[in-house]
Amino acid sequence: LSGMSPAVLSIAVPRAVPRGSRVTTTGLSTSRLNSRRGASVRPSASAEDTDAGASSTTTSTTTEKKDKFITGRPDEQFSSEAAEERQELFNDIAPVYDQLNDLLSLGLHRVWKRAAVKWTRVGPGDAAIDVCCGSGDIAIKLADSVGPTGRVVGLDFAAAQLKVAAGKESQHPAYRDGKLAPITWVQGDALALPYGNGEFDGATIGYGLRNVSDIPTALSELCRVLRPGGVASIVDFNNAQDPNLRALQGFVLDNVVVPVADLNGVAAEYRYLKPSIERYPQGPDLVDLAVEAGFSSATFYELAPGNLMGCLVCTK
C-alpha cells in the first residue's frame, strides 16, 4: 500500500498477507463487472455482517424463515426482497449481536476492526465515516483515533443497530472523559451517502460491503466522500482463492456458526452467510473494483489467524 510504512503495517495486522495490489486505473471487462454487480433492483446498505449475532425468536417464526429465507439463496442475493430481509435481519439480531460476535470469533473481531481503523491513518482533528456501522464498534474506534477535535459519522440502514451503537458510545469510558469525537448516528444507504464530495479523511466498512446490492456503486460512493489522499479500509470475510481455505471456512460456518445461531433461534439468519461469501468478490477482484470505482491504489490483505478474513485498503 502506497505510503504505508512496514512499522504501521506490523502494528495494524500482524502477518497480514497481501493478495493483490493495483495503482493504475484500467477498465474491467464488461462481463467481469456485470458478474460482480448483480441485478441491482433496490439499493441496500447493511449493518456489520453476522460474523456473529442473533436474537431469540419463536419456533414458528424460525421455521417460517428456514422455509422461505430469500437472503440465503445465492440467486436472490440482489433482489429487493433480499434487501428487505437483510434490513429485518440486522434489526432482529441487534440485542445480542455483540455477544455472539465475541463468542464466534473468540474476540478476534475486535482485533480485525482495530486493524481496519489503523489502516485509515486518521488522526486528531480528522473527519471519518463508518458505513454499514452496525452496533458501532468501528465508529467508536474511529472516534477514539480522531479525538474530541475530530468528527465521526456512523451510518447504517438498521435502526435497531444504531440504537445499540448510541448506547454503547454513551457507556464508553473515553466518552465520559470527553476524549471521543462526537459521533453522528445516521440511518442511511451505502449506495447514496448523504454527504458532499471530499468531506472525510478516512472511511471504513466492517462486514457490510458483502451485503450491499451493488458493490461497485458502494465503492464509488466511498471514494466520492473521501478527500484526495484519504484512505478507505474494508474488512470482511475472505472469499479465498485457496480451495482448502474455502472448504475450512465452509466447515466452520456449517458446523459452528449455524448451530450456535440455532441455539439462539436464528439459524435461518445465519445460513445466508455462506452463500453471501461465495458471491463476494475475491481479493484481486475487489482490488480491480476499487480502482475502477476511482481509487488511485488498492491492496487486499488476508488477515491472520487463518486468513479467513480479509481487508481491502484503498487510497483516493
# chains A, B, ... in the order shown; residues from 1 in each chain; ligands from 1

call {"tool": "closest_atom_pairs", "arguments": {"of": "range 268-316 of chain A", "to": "range 242-247 of chain A", "cutoff": "9 Å", "atoms": "only C-alpha atoms", "output": "CSV"}}
result
residue,atom,partner,partner_atom,distance
A:Glu278,CA,A:Arg246,CA,9.0
A:Gly306,CA,A:Leu245,CA,8.2
A:Asn307,CA,A:Leu245,CA,7.9
A:Leu308,CA,A:Leu245,CA,7.4

call {"tool": "write_last_selection", "arguments": {"atoms": "C-alpha atoms", "output": "short mmCIF file (atom, residue, chain, number, x, y, z; two decimals), in the first residue's frame"}}
result
data_model
loop_
_atom_site.label_atom_id
_atom_site.label_comp_id
_atom_site.auth_asym_id
_atom_site.auth_seq_id
_atom_site.Cartn_x
_atom_site.Cartn_y
_atom_site.Cartn_z
CA GLU A 278 -19.44 -17.31 -2.13
CA GLY A 306 -6.15 -18.45 9.33
CA ASN A 307 -6.71 -15.93 6.51
CA LEU A 308 -10.47 -16.39 6.95
#

call {"tool": "closest_residue", "arguments": {"among": "A:Ile138, A:Asn211, A:Cys314, A:Gln282", "to": "Val231 in chain A", "atoms": "only C-alpha atoms"}}
result
A:Cys314

call {"tool": "closest_residue", "arguments": {"among": "A:Ala128, A:Ala218, A:Ala190, A:Ala139", "to": "Ala158 in chain A", "atoms": "only C-alpha atoms"}}
result
A:Ala190

call {"tool": "select_by_dssp", "arguments": {"residues": "range 156-264 of chain A", "states": "helix (DSSP H, G or I)", "output": "VMD selection string"}}
result
chain A and resid 159 to 171 173 to 176 209 to 211 215 to 225 243 to 263

call {"tool": "residues_around", "arguments": {"residues": "Ser220 in chain A", "least_positions_apart": "4", "cutoff": "12 Å", "atoms": "only C-alpha atoms", "output": "list of chain:residue names"}}
result
A:Ala190, A:Leu191, A:Ala192, A:Leu193, A:Asn197, A:Leu209, A:Asp214, A:Ile215, A:Pro216, A:Arg224, A:Val225, A:Leu226, A:Ala232, A:Leu289, A:Ala290, A:Val291, A:Glu292, A:Ala293, A:Gly294, A:Phe295, A:Cys314, A:Lys316

call {"tool": "select_by_dssp", "arguments": {"residues": "range 117-261 of chain A", "states": "strand (DSSP E)", "output": "ChimeraX atom specification"}}
result
/A:127-131,151-156,183-187,200-206,226-237

call {"tool": "closest_atom_pairs", "arguments": {"of": "range 112-187 of chain A", "to": "range 301-304 of chain A", "cutoff": "12 Å", "atoms": "only C-alpha atoms", "output": "Markdown table"}}
result
| residue | atom | partner | partner_atom | distance |
| --- | --- | --- | --- | --- |
| A:Trp112 | CA | A:Leu303 | CA | 7.7 |
| A:Lys113 | CA | A:Leu303 | CA | 11.1 |
| A:Ala115 | CA | A:Leu303 | CA | 9.6 |
| A:Ala116 | CA | A:Leu303 | CA | 10.7 |
| A:Trp119 | CA | A:Tyr301 | CA | 11.2 |
